[in-house]
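Okay, structure first, notes after.
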Amino acid sequence: MERMKLSFRWYGAEDKVTLEQIRQIPGMHSVVTAVYDVPPGEVWPKSSIQELKRSIEDANLHFEVVESIPVHEDIKLGKPERERYIENYCENIRRVAEASVKCICYNFMPVFDWTRTQLDHVLEDGSTSLVYYQEQVDQVNPLESDSDLTLPGWDSSYSREELKQVVAQYQAMTEEDLWSNLKYFLERIIPVAAECGVNMAIHEDDPCWSIFGLPRIITCQENLDRFLKLVDDPHNGITLCTGSLGCSCRNNVVEMAKKYASMGRIHFVHMRNVKVLENGFEERAHLSECGSLDMYEIMKALYDHGFSGYIRPDHGRMIWGETGRPGYGLYDRALGATYLNGLWEAIEKGEQRK
Ligand code: DNO
């Protein structure tokens with residue numbers, strides 16, 4: 001049986017974590033990255049893609065997963081300008097496919113990608129992690145330009161005034177509108193992905209509920225079922241993000257892993273553990289006993305249902321005095337990678353001995 005492929009996110013030459021370090025993590029197969037210096041919606045220069053490929057392959061790693069090619073807000077809003085942005089998106093799919101990329105992760109969240117209220121919350125063991133407490137989110141209104149409060153993780157490329165404008169454009173939009181704009185987008189990009197042999201893998205909304213009154217739809221099993229049917233093609237798949245789905249008790253991540261892996265629609269997995277609280281959640285170490293998710297059961301579900309795609313350890317805590325990009329330091333993600341390898345080996349050998 002084909003094995004899952006262990007991968008690691010890397011933010012390019014600017015990243016404090018180096019490819020030399022990543023290649024020393026046991027069992028590492030590939031590097032997950034993107035072209036970061038091109039604004040959302042524009043076409044990535046072939047030279048930038050080639051440069052990523054060259055540096056990753058020089059480190060003896062594979063470049064097969066892109067995270068992310070961002071979806072321009074005009075596509076999500078269904079504005080007439082979306083035609084140009086969708087064309088550019090298709091061109092980006094072709095260009096990365098030419099560089100041997102097999103899987104593209106993206107999301108369809110209005111304006112805000114992942115949202116947390118603090119990026120350096122001190123846990124009991126002295127490590128720090130990303131947390132989300134609802135009462136802190138409730139104090140922030142992105143439509144009030146005189147409010148100084150912002151949340152970590154917000155796209156800093158928007159000025160407050162621009163943010164206000166883009167958020168305002170969504171106010172009249174319903175979830176059904178967002179579904180129909182997503183369908184429109186998929187109907188155009190999936191045939192291109194299929195032709196290029198690339199798997200598209202939508203990332204769930206993080207957290208998986210509406211924030212600031214903005215519509216969010218990639219949130220639960222019912223909606224993932226609906227998503228997969230919008231364009232019923234294996235190239236239209238998902239990134240199973242355990243932390244994004246698992247921060248809501250409504251979601252049974254093990255069941256979802258079983259269901260979508262057996263359908264062959266999980267192309268990429270983000271593995272991370274969260275502790276679900278009454279007023280939100282805290283990101284924790286990968287080990288099952290550290291959070292609310294049973295990582296063994298999730299891995300077993302993937303294994304049992306023939307998953308052979310890419311997996312990466314997701315956000316890590318900051319440990320051992322490391323500083324850097326919150327969630328994306330080296331040490332705790334490397335521990336996570338090793339733990340995931342251990343789970344896989346134990347499950348695989350256990351099954352082979354039966
Ligand atoms: C956060 C990441 C997300 C993810 C995008 C995919 O750490 O998991 O930012 O890359 O939502 O487009």
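Going through the structure tokens in order, the chains are called A, B, and so on, while each chain numbers its residues from 1 and the ligands are numbered from 1 in the order shown.
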
Once you count only C-alpha atoms and all ligand atoms, which residues end up within 6 Å of ligand 1, and could you hand them over as a short mmCIF file (atom, residue, chain, number, x, y, z; two decimals) with all heavy atoms, in the first residue's frame?
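Below you can see result.cif, which holds the result:
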data_model
loop_
_atom_site.label_atom_id
_atom_site.label_comp_id
_atom_site.auth_asym_id
_atom_site.auth_seq_id
_atom_site.Cartn_x
_atom_site.Cartn_y
_atom_site.Cartn_z
N GLU A 67 0.72 25.73 -0.97
CA GLU A 67 -0.21 26.28 0.02
C GLU A 67 0.21 27.72 0.22
O GLU A 67 1.30 27.94 0.73
CB GLU A 67 -0.12 25.54 1.35
CG GLU A 67 -1.03 26.12 2.42
CD GLU A 67 -0.99 25.32 3.73
OE1 GLU A 67 -0.40 24.23 3.76
OE2 GLU A 67 -1.56 25.81 4.71
N SER A 68 -0.61 28.60 -0.21
CA SER A 68 -1.84 28.52 -0.95
C SER A 68 -1.69 29.31 -2.26
O SER A 68 -0.84 30.18 -2.35
CB SER A 68 -2.97 29.23 -0.19
OG SER A 68 -3.05 28.84 1.15
N CYS A 105 -3.50 23.77 -2.13
CA CYS A 105 -4.37 24.08 -1.00
C CYS A 105 -4.82 25.54 -1.13
O CYS A 105 -4.03 26.41 -1.50
CB CYS A 105 -3.56 23.88 0.28
SG CYS A 105 -4.34 24.39 1.80
N TYR A 106 -6.08 25.79 -0.84
CA TYR A 106 -6.62 27.16 -0.92
C TYR A 106 -7.80 27.23 0.04
O TYR A 106 -8.22 26.21 0.60
CB TYR A 106 -7.06 27.48 -2.36
CG TYR A 106 -8.27 26.69 -2.80
CD1 TYR A 106 -9.55 27.26 -2.83
CD2 TYR A 106 -8.15 25.34 -3.13
CE1 TYR A 106 -10.67 26.51 -3.21
CE2 TYR A 106 -9.27 24.58 -3.50
CZ TYR A 106 -10.52 25.17 -3.53
OH TYR A 106 -11.62 24.43 -3.87
N ASN A 107 -8.32 28.42 0.23
CA ASN A 107 -9.51 28.51 1.07
C ASN A 107 -10.50 29.48 0.45
O ASN A 107 -10.16 30.23 -0.47
CB ASN A 107 -9.15 28.94 2.50
CG ASN A 107 -8.78 30.40 2.58
OD1 ASN A 107 -9.63 31.29 2.53
ND2 ASN A 107 -7.47 30.70 2.66
N ASP A 113 -8.50 34.98 6.93
CA ASP A 113 -8.07 33.59 6.94
C ASP A 113 -8.19 33.13 8.40
O ASP A 113 -9.12 33.53 9.11
CB ASP A 113 -6.63 33.52 6.39
CG ASP A 113 -6.13 32.11 6.10
OD1 ASP A 113 -6.74 31.14 6.56
OD2 ASP A 113 -5.11 31.96 5.42
N TRP A 114 -7.31 32.33 8.91
CA TRP A 114 -7.43 31.85 10.28
C TRP A 114 -7.45 33.03 11.26
O TRP A 114 -6.76 34.02 11.06
CB TRP A 114 -6.31 30.87 10.61
CG TRP A 114 -4.94 31.44 10.41
CD1 TRP A 114 -4.23 31.47 9.25
CD2 TRP A 114 -4.10 32.06 11.40
NE1 TRP A 114 -3.02 32.07 9.44
CE2 TRP A 114 -2.91 32.44 10.76
CE3 TRP A 114 -4.25 32.33 12.76
CZ2 TRP A 114 -1.87 33.07 11.42
CZ3 TRP A 114 -3.22 32.97 13.44
CH2 TRP A 114 -2.05 33.31 12.75
N HIS A 203 -9.27 24.21 2.02
CA HIS A 203 -9.01 24.19 3.47
C HIS A 203 -10.28 24.64 4.17
O HIS A 203 -10.94 25.58 3.73
CB HIS A 203 -7.86 25.16 3.76
CG HIS A 203 -7.34 25.13 5.16
ND1 HIS A 203 -8.02 25.70 6.21
CD2 HIS A 203 -6.22 24.59 5.67
CE1 HIS A 203 -7.31 25.51 7.32
NE2 HIS A 203 -6.22 24.84 7.03
#

Next on the checklist: Using only C-alpha atoms, which protein or nucleic acid residues come within 9 Å of Val269 in chain A? Drop anything in the same chain fewer than 4 positions from it, and give the result as a PyMOL selection string.
Outcome noted: chain A and resi 238-242+309-314

Item to check | Contact residues around Arg216 in chain A with only C-alpha atoms at 7 Å, ignoring same-chain residues under 2 positions, as a ChimeraX atom specification | outcome: /A:109,175,205,209-210,214,218

Checklist entry - If you run DSSP on this backbone, which residues of range 72-300 of chain A come out as helix (DSSP H, G or I), and could you give them as a PyMOL selection string? => result chain A and resi 73-77+82-98+134-138+160-170+175-196+221-230+242-246+253-262+288-290+295-300

Item to check | Coordinates-based distance that separates CA of Ala257 in chain A from CA of Leu186 in chain A (Å, one decimal) | outcome: 22.5 Å

Where does range 52-111 of chain A meet range 24-46 of chain A within 6 Å, residue by residue, with the nearest atom pair and distance in Å to one decimal for each, counting only C-alpha atoms, listed by chain and rising number, as a Markdown table?
| residue | atom | partner | partner_atom | distance |
| --- | --- | --- | --- | --- |
| A:Leu61 | CA | A:Ser30 | CA | 5.1 |
| A:His62 | CA | A:Ser30 | CA | 4.4 |
| A:Phe63 | CA | A:Val31 | CA | 5.6 |
| A:Val65 | CA | A:Val32 | CA | 5.1 |
| A:Val66 | CA | A:Thr33 | CA | 5.2 |
| A:Glu67 | CA | A:Thr33 | CA | 5.4 |
| A:Pro70 | CA | A:Pro40 | CA | 5.6 |
| A:His72 | CA | A:Gly41 | CA | 5.0 |
| A:Tyr85 | CA | A:Gly41 | CA | 5.3 |
| A:Asn88 | CA | A:Val43 | CA | 5.5 |
| A:Asn92 | CA | A:Val43 | CA | 5.9 |

Checklist entry - Suppose you want the space between CA of Ser244 in chain A and CA of Cys290 in chain A; what is it in Å? => result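 For CA of Ser244 in chain A relative to CA of Cys290 in chain A, the distance reads 16.5 Å.
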
Next on the checklist: Residues near Tyr170 in chain A, anyone? I mean within 8 Å using only C-alpha atoms, not counting same-chain ones fewer than 6 positions away, as a ChimeraX atom specification.
Outcome noted: /A:77,110,214-215

Keeping only N, CA and C atoms, write the selected residues to a file as a short mmCIF file (atom, residue, chain, number, x, y, z; two decimals), in the first residue's frame.
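Below is the file that was written, selection.cif:
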data_model
loop_
_atom_site.label_atom_id
_atom_site.label_comp_id
_atom_site.auth_asym_id
_atom_site.auth_seq_id
_atom_site.Cartn_x
_atom_site.Cartn_y
_atom_site.Cartn_z
N LEU A 77 -16.76 37.38 -3.90
CA LEU A 77 -17.89 38.31 -3.92
C LEU A 77 -18.72 38.20 -5.19
N PRO A 110 -14.25 34.52 3.45
CA PRO A 110 -14.29 35.95 3.19
C PRO A 110 -13.31 36.72 4.07
N LEU A 214 -19.67 37.60 8.93
CA LEU A 214 -19.34 37.25 7.54
C LEU A 214 -19.73 35.80 7.28
N PRO A 215 -20.20 35.51 6.07
CA PRO A 215 -20.59 34.11 5.80
C PRO A 215 -19.37 33.20 5.77
#

Checklist entry - What does the distance between CA of Asn251 in chain A and CA of Met173 in chain A come to in Å, to one decimal place? => result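 The value is 25.4 Å.
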
Checklist entry - So, counting only C-alpha atoms, which residue among A:Gln136, A:Arg250, A:Leu293, A:His315 is closest to His270 in chain A? => result A:His315

Next on the checklist: Just checking: using only C-alpha atoms, which residue out of A:Gln171, A:Ser7, A:Asn199, A:Thr18 ends up closest to Val96 in chain A?
Outcome noted: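 Closest residue, counting only C-alpha atoms: A:Asn199.
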
Next on the checklist: Applying 9 Å and only C-alpha atoms, which residues near Lys300 in chain A remain after dropping the ones on its own chain fewer than 3 positions away? List them as a list of chain:residue names.
Outcome noted: A:Val254, A:Lys258, A:Met295, A:Tyr296, A:Glu297, A:Tyr303, A:Asp304, A:His305, A:Leu343, A:Trp344, A:Ile347, A:Glu348

Checklist entry - Any idea what's packed within 10 Å of Phe307 in chain A, counting only C-alpha atoms, ignoring anything in its chain fewer than 6 positions away? Could you give it as a list of chain:residue names? => result A:Met1, A:Glu2, A:Arg3, A:Met4, A:Lys5, A:Ala257, A:Lys258, A:Tyr260, A:Ala261, A:Ser262, A:Met263, A:Gly264, A:Arg265, A:Ile266, A:His267, A:Phe268, A:Val269, A:Met299, A:Lys300, A:Ala301

Would you mind exporting C-alpha atoms of the selected residues as a compact mmCIF listing (two decimals), in the first residue's frame?
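And here is the file that came out, out_39.txt:
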# COMPACT_ATOMS: atom_id res chain seq x y z
CA MET A 1 0.00 0.00 0.00
CA GLU A 2 1.23 3.45 -0.86
CA ARG A 3 2.36 5.48 2.12
CA MET A 4 1.27 8.94 3.17
CA LYS A 5 3.81 11.60 2.25
CA ALA A 257 -11.42 11.24 7.88
CA LYS A 258 -13.04 7.85 7.24
CA TYR A 260 -13.65 11.45 2.74
CA ALA A 261 -10.55 9.22 2.61
CA SER A 262 -12.66 6.30 1.41
CA MET A 263 -14.10 8.57 -1.29
CA GLY A 264 -10.54 9.46 -2.34
CA ARG A 265 -11.28 13.13 -1.80
CA ILE A 266 -8.69 14.00 0.90
CA HIS A 267 -5.56 15.18 -0.88
CA PHE A 268 -3.80 16.91 1.98
CA VAL A 269 -4.03 16.69 5.78
CA MET A 299 -4.41 8.57 11.56
CA LYS A 300 -5.91 5.07 11.75
CA ALA A 301 -8.98 6.22 9.83

Counting only C-alpha atoms, give me one row per residue of range 222-334 of chain A with an atom at most 8 Å from an atom of range 188-196 of chain A, showing the shortest contact pair and its distance in Å to one decimal, sorted by chain then residue number, as JSON lines.
{"residue": "A:Val231", "atom": "CA", "partner": "A:Ile190", "partner_atom": "CA", "distance": 7.7}
{"residue": "A:Asp233", "atom": "CA", "partner": "A:Ile190", "partner_atom": "CA", "distance": 7.9}
{"residue": "A:His235", "atom": "CA", "partner": "A:Ala194", "partner_atom": "CA", "distance": 6.0}
{"residue": "A:Asn236", "atom": "CA", "partner": "A:Ile190", "partner_atom": "CA", "distance": 6.4}

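Backbone DSSP over range 32-214 of chain A yields strand (DSSP E) at Val32, Thr33, His62, Phe63, Glu64, Val65, Val66, Glu67, Cys103, Ile104, Cys105, Tyr106, Gln118, Leu119, Asp120, His121, Val122, Thr128, Ser129, Leu130, Val131, Tyr132, Tyr133, Asn199, Met200, Ala201, Ile202 and His203 of chain A.
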
Checklist entry - Which is closer to Ile75 in chain A than all the others in A:Asn181, A:Gln21, A:Ser129, A:Gln165, using only C-alpha atoms? => result A:Asn181

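In terms of minimum interatomic distance to Gly291 in chain A, A:Asn273 ranks closest within A:Asn252, A:Asn273, A:Ser127, A:Ser47, counting only C-alpha atoms.
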
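Shortest atom-to-atom contact with Gln169 in chain A among A:Cys220, A:Gly78, A:Glu255, A:Glu98: A:Gly78, counting only C-alpha atoms.
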